[in-house]
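The file upload.txt contains compact mmCIF, C-alpha atoms (C1' of nucleotides):
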# COMPACT_ATOMS: atom_id res chain seq x y z
CA MET A 1 116.13 104.41 -32.91
CA GLY A 2 114.64 105.50 -29.60
CA ALA A 3 115.22 103.55 -26.44
CA ARG A 4 111.54 102.75 -26.07
CA GLU A 5 111.28 101.22 -29.54
CA THR A 6 114.46 99.19 -29.00
CA ARG A 7 113.20 97.96 -25.66
CA GLN A 8 109.90 96.96 -27.21
CA GLN A 9 111.74 95.06 -29.96
CA ILE A 10 113.76 93.20 -27.34
CA VAL A 11 110.63 92.19 -25.44
CA ASP A 12 108.91 91.03 -28.63
CA VAL A 13 111.87 88.94 -29.73
CA ALA A 14 112.40 87.52 -26.23
CA ASP A 15 108.70 86.65 -26.06
CA ARG A 16 108.99 84.67 -29.28
CA LEU A 17 112.30 82.98 -28.44
CA PHE A 18 111.26 82.04 -24.89
CA TYR A 19 108.28 80.34 -26.49
CA GLU A 20 110.04 78.63 -29.36
CA GLN A 21 113.31 77.68 -27.64
CA GLY A 22 112.51 77.89 -23.94
CA PHE A 23 113.67 80.43 -21.37
CA GLU A 24 116.95 78.91 -20.24
CA THR A 25 118.02 77.85 -23.71
CA THR A 26 117.60 81.38 -25.05
CA SER A 27 120.76 83.39 -24.42
CA PHE A 28 121.34 87.13 -24.43
CA ALA A 29 123.29 86.61 -27.63
CA ASP A 30 120.27 84.94 -29.27
CA ILE A 31 118.00 87.86 -28.45
CA ALA A 32 120.58 90.52 -29.32
CA ALA A 33 121.37 88.87 -32.64
CA SER A 34 117.68 88.53 -33.52
CA VAL A 35 117.09 92.22 -32.75
CA GLY A 36 120.28 93.23 -34.54
CA LEU A 37 121.94 94.58 -31.43
CA SER A 38 125.38 94.09 -29.94
CA ARG A 39 125.58 92.18 -26.67
CA GLY A 40 127.11 95.19 -24.96
CA ASN A 41 124.34 97.56 -25.90
CA PHE A 42 121.85 95.03 -24.70
CA TYR A 43 122.60 95.78 -21.08
CA TYR A 44 121.63 99.39 -21.55
CA HIS A 45 118.02 98.21 -21.83
CA PHE A 46 117.97 95.20 -19.48
CA LYS A 47 120.35 94.58 -16.61
CA THR A 48 119.56 90.88 -16.06
CA LYS A 49 117.85 88.05 -17.86
CA ASP A 50 115.18 87.92 -15.19
CA GLU A 51 114.26 91.53 -16.03
CA ILE A 52 113.52 90.51 -19.61
CA LEU A 53 111.44 87.59 -18.36
CA ASP A 54 109.43 89.92 -16.14
CA ALA A 55 108.84 92.28 -19.06
CA VAL A 56 107.72 89.39 -21.27
CA ILE A 57 105.30 88.13 -18.62
CA VAL A 58 103.89 91.64 -18.05
CA GLN A 59 103.32 92.02 -21.79
CA ARG A 60 101.67 88.59 -22.07
CA VAL A 61 99.32 89.39 -19.21
CA ALA A 62 98.42 92.75 -20.76
CA ASN A 63 97.82 91.19 -24.18
CA THR A 64 95.69 88.42 -22.70
CA ARG A 65 93.64 90.90 -20.69
CA SER A 66 92.87 93.14 -23.66
CA MET A 67 92.04 90.12 -25.84
CA LEU A 68 89.56 88.80 -23.29
CA MET A 69 88.01 92.25 -22.82
CA ALA A 70 87.57 92.58 -26.57
CA TRP A 71 85.97 89.13 -26.80
CA GLU A 72 83.54 89.99 -24.05
CA GLN A 73 82.49 93.12 -25.91
CA GLU A 74 82.24 91.50 -29.34
CA ALA A 75 80.62 88.21 -28.41
CA VAL A 76 77.08 88.58 -27.16
CA SER A 77 76.50 85.36 -25.25
CA PRO A 78 78.68 83.67 -22.63
CA THR A 79 78.57 80.48 -24.68
CA GLU A 80 80.01 82.35 -27.66
CA CYS A 81 82.69 83.82 -25.39
CA ILE A 82 83.71 80.38 -24.12
CA ARG A 83 83.70 79.05 -27.65
CA ARG A 84 86.22 81.71 -28.61
CA PHE A 85 88.50 80.47 -25.87
CA ILE A 86 88.20 76.90 -27.13
CA ARG A 87 88.95 78.00 -30.69
CA ILE A 88 92.36 79.33 -29.65
CA LEU A 89 93.53 75.76 -30.19
CA ILE A 90 92.42 75.91 -33.82
CA ALA A 91 93.72 79.40 -34.51
CA ASN A 92 97.17 78.64 -33.09
CA ARG A 93 97.38 75.01 -34.16
CA PRO A 94 100.69 75.15 -36.08
CA LYS A 95 102.58 76.86 -33.27
CA ILE A 96 100.97 74.66 -30.60
CA MET A 97 101.97 71.52 -32.45
CA ALA A 98 105.54 72.79 -32.70
CA TYR A 99 106.02 74.42 -29.30
CA GLY A 100 102.99 73.70 -27.09
CA CYS A 101 101.15 76.37 -25.13
CA PRO A 102 103.32 79.45 -24.37
CA VAL A 103 101.90 79.77 -20.85
CA GLY A 104 101.85 76.11 -19.87
CA THR A 105 105.35 75.33 -21.12
CA LEU A 106 106.83 78.43 -19.47
CA CYS A 107 105.14 77.58 -16.15
CA ASN A 108 106.51 74.05 -16.35
CA GLU A 109 110.03 75.24 -17.11
CA LEU A 110 110.07 77.88 -14.36
CA ALA A 111 108.66 75.37 -11.85
CA LYS A 112 111.56 73.02 -12.52
CA LEU A 113 114.03 75.90 -12.24
CA LYS A 114 112.36 77.01 -9.01
CA HIS A 115 112.52 80.46 -10.60
CA VAL A 116 111.32 83.49 -8.65
CA ALA A 117 108.97 84.45 -11.52
CA LYS A 118 107.35 80.98 -11.34
CA ASP A 119 104.10 82.33 -9.91
CA ASP A 120 104.03 85.46 -12.08
CA ALA A 121 104.15 83.25 -15.17
CA THR A 122 100.75 81.82 -14.25
CA GLY A 123 99.26 85.32 -14.73
CA PRO A 124 97.61 84.56 -18.10
CA PHE A 125 96.18 81.34 -16.62
CA ALA A 126 94.64 83.32 -13.77
CA LEU A 127 93.11 85.77 -16.25
CA PHE A 128 91.60 82.96 -18.35
CA ARG A 129 90.36 81.28 -15.20
CA ASP A 130 88.58 84.39 -13.90
CA TRP A 131 87.20 85.31 -17.31
CA LEU A 132 85.90 81.80 -18.04
CA GLY A 133 84.45 81.64 -14.53
CA ARG A 134 82.60 84.88 -15.22
CA GLN A 135 81.12 83.39 -18.39
CA PHE A 136 79.86 80.35 -16.48
CA VAL A 137 78.34 82.64 -13.87
CA ARG A 138 76.52 84.42 -16.68
CA LEU A 139 75.40 80.95 -17.79
CA GLY A 140 73.79 80.45 -14.41
CA ARG A 141 76.45 78.10 -13.03
CA LYS A 142 77.51 80.36 -10.17
CA LYS A 143 78.21 77.52 -7.74
CA ASP A 144 80.70 75.58 -9.85
CA ALA A 145 81.80 78.34 -12.23
CA ASP A 146 85.42 78.23 -11.11
CA ALA A 147 85.62 74.44 -11.34
CA LEU A 148 84.16 74.56 -14.87
CA ALA A 149 86.67 77.25 -15.84
CA LEU A 150 89.57 75.17 -14.55
CA HIS A 151 88.17 72.16 -16.37
CA LEU A 152 88.29 74.00 -19.70
CA LEU A 153 91.78 75.34 -18.99
CA MET A 154 92.85 71.80 -18.08
CA ARG A 155 91.54 70.42 -21.35
CA SER A 156 93.24 73.05 -23.47
CA GLN A 157 96.54 72.33 -21.73
CA GLY A 158 96.21 68.59 -22.20
CA ILE A 159 95.36 69.02 -25.86
CA ALA A 160 98.36 71.28 -26.39
CA THR A 161 100.76 68.82 -24.73
CA LEU A 162 99.55 65.78 -26.66
CA ALA A 163 99.38 67.69 -29.94
CA THR A 164 103.04 68.62 -29.50
CA ALA A 165 104.03 65.09 -28.52
CA PHE A 166 102.17 63.16 -31.24
CA GLY A 167 102.00 65.76 -34.01
CA ASP A 168 98.54 64.52 -34.95
CA VAL A 169 96.66 67.19 -36.91
CA ASP A 170 93.23 65.58 -36.51
CA PHE A 171 93.55 65.15 -32.75
CA ILE A 172 93.04 68.86 -32.01
CA ASP A 173 89.94 69.01 -34.21
CA ARG A 174 88.44 65.99 -32.50
CA GLU A 175 89.06 67.24 -28.97
CA VAL A 176 87.86 70.76 -29.80
CA ALA A 177 84.62 69.27 -31.10
CA ASP A 178 84.36 67.21 -27.91
CA MET A 179 84.95 70.34 -25.80
CA GLU A 180 82.21 72.23 -27.62
CA ALA A 181 79.84 69.28 -27.19
CA TRP A 182 80.69 69.28 -23.49
CA LEU A 183 80.04 73.03 -23.34
CA HIS A 184 76.57 72.66 -24.85
CA SER A 185 75.78 69.81 -22.47
CA GLN A 186 76.31 72.16 -19.53
CA ARG A 187 72.71 73.16 -18.91
CA PRO A 188 72.29 76.63 -17.45
CA ALA A 189 70.56 76.70 -14.07
CA SER A 190 68.37 79.61 -15.12
CA PRO A 191 66.74 78.87 -18.50
CA ASN A 192 67.19 82.35 -20.02
CA ALA A 193 70.81 82.85 -19.07
CA ASP A 194 72.11 82.26 -22.58
CA SER A 195 69.02 83.39 -24.47
CA LEU A 196 71.01 85.60 -26.83
CA GLN A 197 72.99 82.68 -28.18
CA PRO A 198 71.94 81.75 -31.73
CA ALA A 199 70.21 78.34 -32.03
CA MET B 1 131.98 49.01 -7.87
CA GLY B 2 131.28 47.31 -11.20
CA ALA B 3 130.70 49.28 -14.36
CA ARG B 4 127.16 48.02 -14.70
CA GLU B 5 126.13 49.15 -11.23
CA THR B 6 127.74 52.56 -11.75
CA ARG B 7 126.03 52.94 -15.09
CA GLN B 8 122.70 52.04 -13.53
CA GLN B 9 123.26 54.61 -10.78
CA ILE B 10 123.99 57.28 -13.38
CA VAL B 11 120.80 56.49 -15.28
CA ASP B 12 118.72 56.54 -12.10
CA VAL B 13 120.13 59.88 -10.99
CA ALA B 14 119.83 61.37 -14.49
CA ASP B 15 116.22 60.17 -14.67
CA ARG B 16 115.41 61.99 -11.44
CA LEU B 17 117.33 65.17 -12.27
CA PHE B 18 115.97 65.43 -15.82
CA TYR B 19 112.53 65.28 -14.24
CA GLU B 20 113.14 67.68 -11.36
CA GLN B 21 115.41 70.21 -13.07
CA GLY B 22 114.82 69.63 -16.76
CA PHE B 23 117.16 68.07 -19.34
CA GLU B 24 119.16 71.10 -20.46
CA THR B 25 119.50 72.56 -16.99
CA THR B 26 121.02 69.34 -15.64
CA SER B 27 124.76 69.29 -16.25
CA PHE B 28 127.21 66.40 -16.23
CA ALA B 29 128.61 67.85 -13.03
CA ASP B 30 125.17 67.68 -11.40
CA ILE B 31 124.77 64.01 -12.23
CA ALA B 32 128.36 63.11 -11.35
CA ALA B 33 128.15 64.92 -8.00
CA SER B 34 124.85 63.25 -7.16
CA VAL B 35 126.29 59.81 -7.95
CA GLY B 36 129.54 60.65 -6.16
CA LEU B 37 131.66 60.41 -9.28
CA SER B 38 134.31 62.66 -10.74
CA ARG B 39 133.51 64.40 -13.99
CA GLY B 40 136.41 62.68 -15.70
CA ASN B 41 135.28 59.18 -14.82
CA PHE B 42 131.85 60.04 -16.02
CA TYR B 43 132.89 59.83 -19.65
CA TYR B 44 133.96 56.25 -19.17
CA HIS B 45 130.28 55.36 -18.90
CA PHE B 46 128.63 57.88 -21.22
CA LYS B 47 130.29 59.73 -24.06
CA THR B 48 127.66 62.42 -24.59
CA LYS B 49 124.70 63.88 -22.77
CA ASP B 50 122.41 62.55 -25.49
CA GLU B 51 123.55 59.01 -24.68
CA ILE B 52 122.36 59.45 -21.09
CA LEU B 53 119.06 60.83 -22.34
CA ASP B 54 118.60 57.78 -24.57
CA ALA B 55 119.35 55.46 -21.66
CA VAL B 56 116.87 57.33 -19.45
CA ILE B 57 114.15 57.11 -22.10
CA VAL B 58 114.80 53.40 -22.69
CA GLN B 59 114.52 52.76 -18.96
CA ARG B 60 111.31 54.79 -18.68
CA VAL B 61 109.74 52.89 -21.55
CA ALA B 62 110.77 49.55 -19.98
CA ASN B 63 109.41 50.55 -16.56
CA THR B 64 106.15 51.78 -18.07
CA ARG B 65 105.72 48.59 -20.07
CA SER B 66 106.24 46.28 -17.09
CA MET B 67 103.96 48.43 -14.92
CA LEU B 68 101.14 48.23 -17.48
CA MET B 69 101.64 44.49 -17.96
CA ALA B 70 101.44 43.97 -14.20
CA TRP B 71 98.28 46.06 -13.97
CA GLU B 72 96.68 44.03 -16.73
CA GLN B 73 97.43 40.81 -14.88
CA GLU B 74 96.35 42.06 -11.45
CA ALA B 75 93.24 44.00 -12.38
CA VAL B 76 90.45 41.82 -13.60
CA SER B 77 88.25 44.23 -15.54
CA PRO B 78 89.22 46.81 -18.17
CA THR B 79 87.43 49.47 -16.11
CA GLU B 80 89.62 48.65 -13.13
CA CYS B 81 92.67 48.81 -15.40
CA ILE B 82 91.73 52.26 -16.66
CA ARG B 83 91.00 53.40 -13.14
CA ARG B 84 94.56 52.47 -12.16
CA PHE B 85 95.84 54.73 -14.89
CA ILE B 86 93.69 57.58 -13.64
CA ARG B 87 94.90 57.05 -10.09
CA ILE B 88 98.49 57.73 -11.12
CA LEU B 89 97.61 61.38 -10.58
CA ILE B 90 96.72 60.66 -6.95
CA ALA B 91 99.67 58.39 -6.27
CA ASN B 92 102.20 60.87 -7.68
CA ARG B 93 100.46 64.06 -6.61
CA PRO B 94 103.34 65.67 -4.67
CA LYS B 95 105.84 65.22 -7.49
CA ILE B 96 103.34 66.24 -10.14
CA MET B 97 102.52 69.45 -8.31
CA ALA B 98 106.22 70.26 -8.05
CA TYR B 99 107.49 69.15 -11.45
CA GLY B 100 104.55 68.16 -13.66
CA CYS B 101 104.41 64.92 -15.62
CA PRO B 102 107.86 63.44 -16.38
CA VAL B 103 106.85 62.41 -19.89
CA GLY B 104 104.88 65.52 -20.88
CA THR B 105 107.44 68.02 -19.62
CA LEU B 106 110.33 66.16 -21.26
CA CYS B 107 108.47 66.00 -24.59
CA ASN B 108 107.75 69.72 -24.39
CA GLU B 109 111.37 70.55 -23.62
CA LEU B 110 112.80 68.35 -26.36
CA ALA B 111 110.29 69.73 -28.88
CA LYS B 112 111.53 73.26 -28.21
CA LEU B 113 115.13 72.12 -28.48
CA LYS B 114 114.31 70.29 -31.72
CA HIS B 115 116.24 67.46 -30.10
CA VAL B 116 116.84 64.24 -32.07
CA ALA B 117 115.34 62.19 -29.21
CA LYS B 118 112.15 64.27 -29.38
CA ASP B 119 110.10 61.41 -30.83
CA ASP B 120 111.68 58.71 -28.66
CA ALA B 121 110.60 60.66 -25.57
CA THR B 122 106.96 60.07 -26.50
CA GLY B 123 107.55 56.32 -26.03
CA PRO B 124 105.76 56.07 -22.67
CA PHE B 125 102.84 58.06 -24.14
CA ALA B 126 102.58 55.57 -26.99
CA LEU B 127 102.56 52.67 -24.51
CA PHE B 128 99.81 54.27 -22.42
CA ARG B 129 97.86 55.03 -25.59
CA ASP B 130 97.99 51.44 -26.88
CA TRP B 131 97.31 49.95 -23.46
CA LEU B 132 94.35 52.24 -22.73
CA GLY B 133 93.06 51.61 -26.23
CA ARG B 134 93.19 47.87 -25.54
CA GLN B 135 91.14 48.34 -22.38
CA PHE B 136 88.48 50.26 -24.30
CA VAL B 137 88.39 47.51 -26.92
CA ARG B 138 87.78 45.04 -24.09
CA LEU B 139 85.00 47.39 -22.99
CA GLY B 140 83.39 46.96 -26.40
CA ARG B 141 84.39 50.35 -27.77
CA LYS B 142 86.49 49.01 -30.61
CA LYS B 143 85.58 51.76 -33.05
CA ASP B 144 86.67 54.75 -30.94
CA ALA B 145 89.06 53.00 -28.56
CA ASP B 146 92.07 55.00 -29.68
CA ALA B 147 90.24 58.32 -29.45
CA LEU B 148 89.07 57.46 -25.93
CA ALA B 149 92.61 56.49 -24.94
CA LEU B 150 93.97 59.79 -26.22
CA HIS B 151 91.18 61.61 -24.41
CA LEU B 152 92.26 60.12 -21.07
CA LEU B 153 95.92 60.82 -21.77
CA MET B 154 94.97 64.38 -22.69
CA ARG B 155 93.12 64.89 -19.42
CA SER B 156 95.94 63.54 -17.30
CA GLN B 157 98.37 65.89 -19.03
CA GLY B 158 96.11 68.91 -18.56
CA ILE B 159 95.60 68.09 -14.91
CA ALA B 160 99.34 67.76 -14.37
CA THR B 161 100.09 71.09 -16.02
CA LEU B 162 97.45 73.04 -14.09
CA ALA B 163 98.30 71.33 -10.82
CA THR B 164 101.90 72.47 -11.25
CA ALA B 165 100.87 76.00 -12.22
CA PHE B 166 98.28 76.66 -9.51
CA GLY B 167 99.50 74.35 -6.74
CA ASP B 168 95.90 73.58 -5.81
CA VAL B 169 95.73 70.32 -3.83
CA ASP B 170 91.96 69.87 -4.25
CA PHE B 171 92.02 70.41 -8.01
CA ILE B 172 93.55 66.99 -8.76
CA ASP B 173 90.98 65.20 -6.56
CA ARG B 174 88.12 67.00 -8.28
CA GLU B 175 89.31 66.25 -11.80
CA VAL B 176 90.16 62.63 -10.99
CA ALA B 177 86.61 62.18 -9.69
CA ASP B 178 85.31 63.80 -12.88
CA MET B 179 87.47 61.46 -14.99
CA GLU B 180 86.13 58.41 -13.17
CA ALA B 181 82.57 59.65 -13.61
CA TRP B 182 83.31 60.11 -17.29
CA LEU B 183 84.72 56.58 -17.45
CA HIS B 184 81.58 55.06 -15.95
CA SER B 185 79.41 57.07 -18.32
CA GLN B 186 81.12 55.37 -21.28
CA ARG B 187 78.59 52.62 -21.89
CA PRO B 188 80.07 49.46 -23.36
CA ALA B 189 78.66 48.53 -26.77
CA SER B 190 78.32 44.89 -25.78
CA PRO B 191 76.54 44.60 -22.42
CA ASN B 192 78.76 41.89 -20.92
CA ALA B 193 82.08 43.42 -21.86
CA ASP B 194 82.88 44.55 -18.33
CA SER B 195 80.87 41.95 -16.47
CA LEU B 196 83.70 41.13 -14.11
CA GLN B 197 83.80 44.64 -12.77
CA PRO B 198 82.46 44.84 -9.20
CA ALA B 199 79.11 46.67 -8.92
C1' DG C 1 137.50 51.98 -13.35
C1' DT C 2 138.64 56.06 -11.06
C1' DC C 3 141.10 60.09 -10.68
C1' DT C 4 143.35 65.09 -11.86
C1' DA C 5 144.26 68.45 -15.15
C1' DT C 6 142.97 70.95 -18.84
C1' DA C 7 141.24 72.40 -23.56
C1' DA C 8 137.66 74.89 -26.02
C1' DT C 9 133.41 77.06 -25.88
C1' DC C 10 129.64 79.66 -24.26
C1' DC C 11 127.30 81.97 -20.65
C1' DG C 12 125.70 86.39 -18.10
C1' DA C 13 127.48 90.64 -17.05
C1' DT C 14 130.77 94.94 -16.93
C1' DA C 15 133.84 98.83 -18.45
C1' DG C 16 134.74 102.29 -21.23
C1' DA C 17 135.39 104.56 -25.92
C1' DC C 18 132.59 107.01 -29.22
C1' DG D 1 122.44 104.78 -27.39
C1' DT D 2 125.59 101.95 -29.63
C1' DC D 3 129.82 99.85 -30.04
C1' DT D 4 134.29 96.75 -28.86
C1' DA D 5 136.79 94.37 -25.59
C1' DT D 6 136.90 91.59 -21.81
C1' DC D 7 136.13 89.36 -17.14
C1' DG D 8 134.84 85.41 -14.25
C1' DG D 9 132.49 81.35 -14.22
C1' DA D 10 130.18 77.14 -16.02
C1' DT D 11 129.72 74.06 -19.66
C1' DT D 12 130.89 69.74 -22.55
C1' DA D 13 134.49 66.99 -23.54
C1' DT D 14 139.46 64.99 -23.80
C1' DA D 15 144.13 63.29 -22.29
C1' DG D 16 146.65 60.79 -19.46
C1' DA D 17 148.34 59.21 -14.68
C1' DC D 18 147.17 55.64 -11.35
In structure tokens, what does this structure look like?
Amino acid sequence: MGARETRQQIVDVADRLFYEQGFETTSFADIAASVGLSRGNFYYHFKTKDEILDAVIVQRVANTRSMLMAWEQEAVSPTECIRRFIRILIANRPKIMAYGCPVGTLCNELAKLKHVAKDDATGPFALFRDWLGRQFVRLGRKKDADALALHLLMRSQGIATLATAFGDVDFIDREVADMEAWLHSQRPASPNADSLQPA
Amino acid sequence: MGARETRQQIVDVADRLFYEQGFETTSFADIAASVGLSRGNFYYHFKTKDEILDAVIVQRVANTRSMLMAWEQEAVSPTECIRRFIRILIANRPKIMAYGCPVGTLCNELAKLKHVAKDDATGPFALFRDWLGRQFVRLGRKKDADALALHLLMRSQGIATLATAFGDVDFIDREVADMEAWLHSQRPASPNADSLQPA
DNA sequence: GTCTATAATCCGATAGAC
DNA sequence: GTCTATCGGATTATAGAC
């Protein structure tokens, strides 16, 4: 197998294990074993654990960016775009209930570790924030677009944390419905801003 | 020093370190050094790390319970009670921005570890949930009291996570104000339910 | 109740053969 | 590029002197 494929496998496995087990808990041996690699060979691809973390964060940011770009091209209205963000909680419900949000939990862990990559880990958050803000601008809420974006991000994080803690399957549904009701109560400043949205 | 005082010191230090560094990251040596105890003597008081975790959780639940009982006796109206809960975010802002919420971050960590104390760690959440639910019942919202309680808990968790991630000092103020506005928009079903509340 | 000494294990990381 | 072997250090935990 080529070095590039092996490296990609390592990043994919590390991405999953950092999410499911946490960054510090996941050892080189865990990743190597899950890839089917010897510990020794591992260091041919990554010199330190922090290098793997950087690679995982870079990949998450890239994946998030391309997902958001695709959503913006597929979904016609800003309201529909925002709704797609909200529905992440439904689409990923099983994993969220087991492990929380990949971004939020990693940020929390790295903050406690005072890790150098602490700020880099917020990258996906920053992308969501900018993208959601852009949707609210399109909705005619230019003045408070960023605050509204942070508000939605805040809600999704709170829902993820409580869903993990309580393991209540109905809770996510209820709060997602409440978020969508909130979204539709946000009246656009200019009446035609979301004219393409159905009904 | 007596065994009880030493044990109490260990629990206090462990409580702080589990919060600031995380549970797994904190070693026996860390706790022992911070108390000023040798590693060997440590095992006289606690046999395993899980025993310390249990003691920390028990103490947190006890502290939360007495805090909520005191609030209920001091604050006259349910609205004022709920507002005290919301204001936790202001009172603990510096620590929250550095380390997040002690309960939420511990629950997240233990969930990833599939730790046996995973469910016990939600104890303070359950207390807040019941207590907030009781306030909403007093407000005349008996039917959806629990959902409203979870909604407030959810918001406080989301605010804590984003405050830690972005380090934005104004964000907490803005969202706390929004929470209080939300609270006052929750009309009581029976008009005199919150009659003791000032203005 | 407190200490030193130490066992057993696992960690991240390196060296070197193939 | 992959392997085995291993180092130095940190970890949880125990035994036993004082």
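Superposing chain B on chain A by least squares over all C-alpha atoms, matched in sequence order, gives an RMSD of 0.0 Å.
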Notebook entry, point to check: Phe46 in chain B: which residues within 12 Å, counting all atoms listed in the file, same-chain residues fewer than 3 positions away excluded, as a PyMOL selection string?
Noted result: (chain B and resi 3-4+6-8+10-11+14+28+31-32+39-43+49-56) or (chain D and resi 13)
Please build the interface table for chain C against chain A with a cut-off of 10 Å, listing for each qualifying residue the nearest atom pair and the distance in Å to one decimal; count all atoms listed in the file, order rows by chain and increasing number, and write it as a Markdown table.
| residue | atom | partner | partner_atom | distance |
| --- | --- | --- | --- | --- |
| C:DC10 | C1' | A:Ser27 | CA | 9.6 |
| C:DC11 | C1' | A:Ser27 | CA | 7.7 |
| C:DG12 | C1' | A:Phe28 | CA | 7.7 |
| C:DA13 | C1' | A:Thr48 | CA | 8.0 |
| C:DT14 | C1' | A:Gly40 | CA | 8.8 |
Note to self: Can you measure CA of Glu20 in chain B to CA of Tyr99 in chain B for me? One decimal in Å is fine.
What the structure shows: 5.8 Å
Next item on the list: Name the closest residue to chain A among the candidates B:Ala165, B:Val103, B:Ala177, B:Ala62; distances are taken between atoms, counting only C-alpha atoms.
Entry: B:Ala165
Final all heavy atoms of range 148-154 of chain B as a PDB file, in the coordinates of the input:
ATOM      1  N   LEU B 148      89.336  57.436 -27.371  1.00  0.00           N
ATOM      2  CA  LEU B 148      89.070  57.460 -25.930  1.00  0.00           C
ATOM      3  C   LEU B 148      90.365  57.393 -25.134  1.00  0.00           C
ATOM      4  O   LEU B 148      90.523  58.071 -24.118  1.00  0.00           O
ATOM      5  CB  LEU B 148      88.146  56.288 -25.555  1.00  0.00           C
ATOM      6  CG  LEU B 148      86.727  56.337 -26.124  1.00  0.00           C
ATOM      7  CD1 LEU B 148      86.000  55.011 -25.891  1.00  0.00           C
ATOM      8  CD2 LEU B 148      85.947  57.487 -25.501  1.00  0.00           C
ATOM      9  N   ALA B 149      91.306  56.588 -25.607  1.00  0.00           N
ATOM     10  CA  ALA B 149      92.610  56.490 -24.940  1.00  0.00           C
ATOM     11  C   ALA B 149      93.317  57.841 -24.961  1.00  0.00           C
ATOM     12  O   ALA B 149      93.836  58.299 -23.941  1.00  0.00           O
ATOM     13  CB  ALA B 149      93.463  55.424 -25.623  1.00  0.00           C
ATOM     14  N   LEU B 150      93.333  58.479 -26.123  1.00  0.00           N
ATOM     15  CA  LEU B 150      93.970  59.790 -26.220  1.00  0.00           C
ATOM     16  C   LEU B 150      93.260  60.815 -25.345  1.00  0.00           C
ATOM     17  O   LEU B 150      93.896  61.701 -24.772  1.00  0.00           O
ATOM     18  CB  LEU B 150      93.964  60.270 -27.686  1.00  0.00           C
ATOM     19  CG  LEU B 150      95.057  59.694 -28.585  1.00  0.00           C
ATOM     20  CD1 LEU B 150      94.899  60.212 -30.008  1.00  0.00           C
ATOM     21  CD2 LEU B 150      96.437  60.065 -28.055  1.00  0.00           C
ATOM     22  N   HIS B 151      91.948  60.684 -25.242  1.00  0.00           N
ATOM     23  CA  HIS B 151      91.180  61.610 -24.410  1.00  0.00           C
ATOM     24  C   HIS B 151      91.616  61.517 -22.944  1.00  0.00           C
ATOM     25  O   HIS B 151      91.815  62.539 -22.277  1.00  0.00           O
ATOM     26  CB  HIS B 151      89.687  61.324 -24.546  1.00  0.00           C
ATOM     27  CG  HIS B 151      88.827  62.262 -23.779  1.00  0.00           C
ATOM     28  ND1 HIS B 151      88.509  63.527 -24.226  1.00  0.00           N
ATOM     29  CD2 HIS B 151      88.231  62.144 -22.558  1.00  0.00           C
ATOM     30  CE1 HIS B 151      87.748  64.133 -23.327  1.00  0.00           C
ATOM     31  NE2 HIS B 151      87.563  63.321 -22.303  1.00  0.00           N
ATOM     32  N   LEU B 152      91.812  60.307 -22.459  1.00  0.00           N
ATOM     33  CA  LEU B 152      92.260  60.120 -21.070  1.00  0.00           C
ATOM     34  C   LEU B 152      93.686  60.632 -20.882  1.00  0.00           C
ATOM     35  O   LEU B 152      93.991  61.302 -19.891  1.00  0.00           O
ATOM     36  CB  LEU B 152      92.180  58.643 -20.681  1.00  0.00           C
ATOM     37  CG  LEU B 152      90.824  58.151 -20.198  1.00  0.00           C
ATOM     38  CD1 LEU B 152      90.925  56.701 -19.755  1.00  0.00           C
ATOM     39  CD2 LEU B 152      90.340  59.013 -19.032  1.00  0.00           C
ATOM     40  N   LEU B 153      94.543  60.319 -21.823  1.00  0.00           N
ATOM     41  CA  LEU B 153      95.920  60.820 -21.770  1.00  0.00           C
ATOM     42  C   LEU B 153      95.919  62.344 -21.748  1.00  0.00           C
ATOM     43  O   LEU B 153      96.643  62.979 -20.979  1.00  0.00           O
ATOM     44  CB  LEU B 153      96.698  60.340 -23.000  1.00  0.00           C
ATOM     45  CG  LEU B 153      97.691  59.194 -22.837  1.00  0.00           C
ATOM     46  CD1 LEU B 153      98.446  58.985 -24.130  1.00  0.00           C
ATOM     47  CD2 LEU B 153      98.667  59.481 -21.709  1.00  0.00           C
ATOM     48  N   MET B 154      95.083  62.929 -22.605  1.00  0.00           N
ATOM     49  CA  MET B 154      94.970  64.380 -22.690  1.00  0.00           C
ATOM     50  C   MET B 154      94.576  64.969 -21.347  1.00  0.00           C
ATOM     51  O   MET B 154      95.184  65.917 -20.854  1.00  0.00           O
ATOM     52  CB  MET B 154      93.951  64.738 -23.766  1.00  0.00           C
ATOM     53  CG  MET B 154      93.621  66.192 -23.910  1.00  0.00           C
ATOM     54  SD  MET B 154      92.366  66.789 -22.730  1.00  0.00           S
ATOM     55  CE  MET B 154      90.872  66.069 -23.416  1.00  0.00           C
TER      56      MET B 154
END
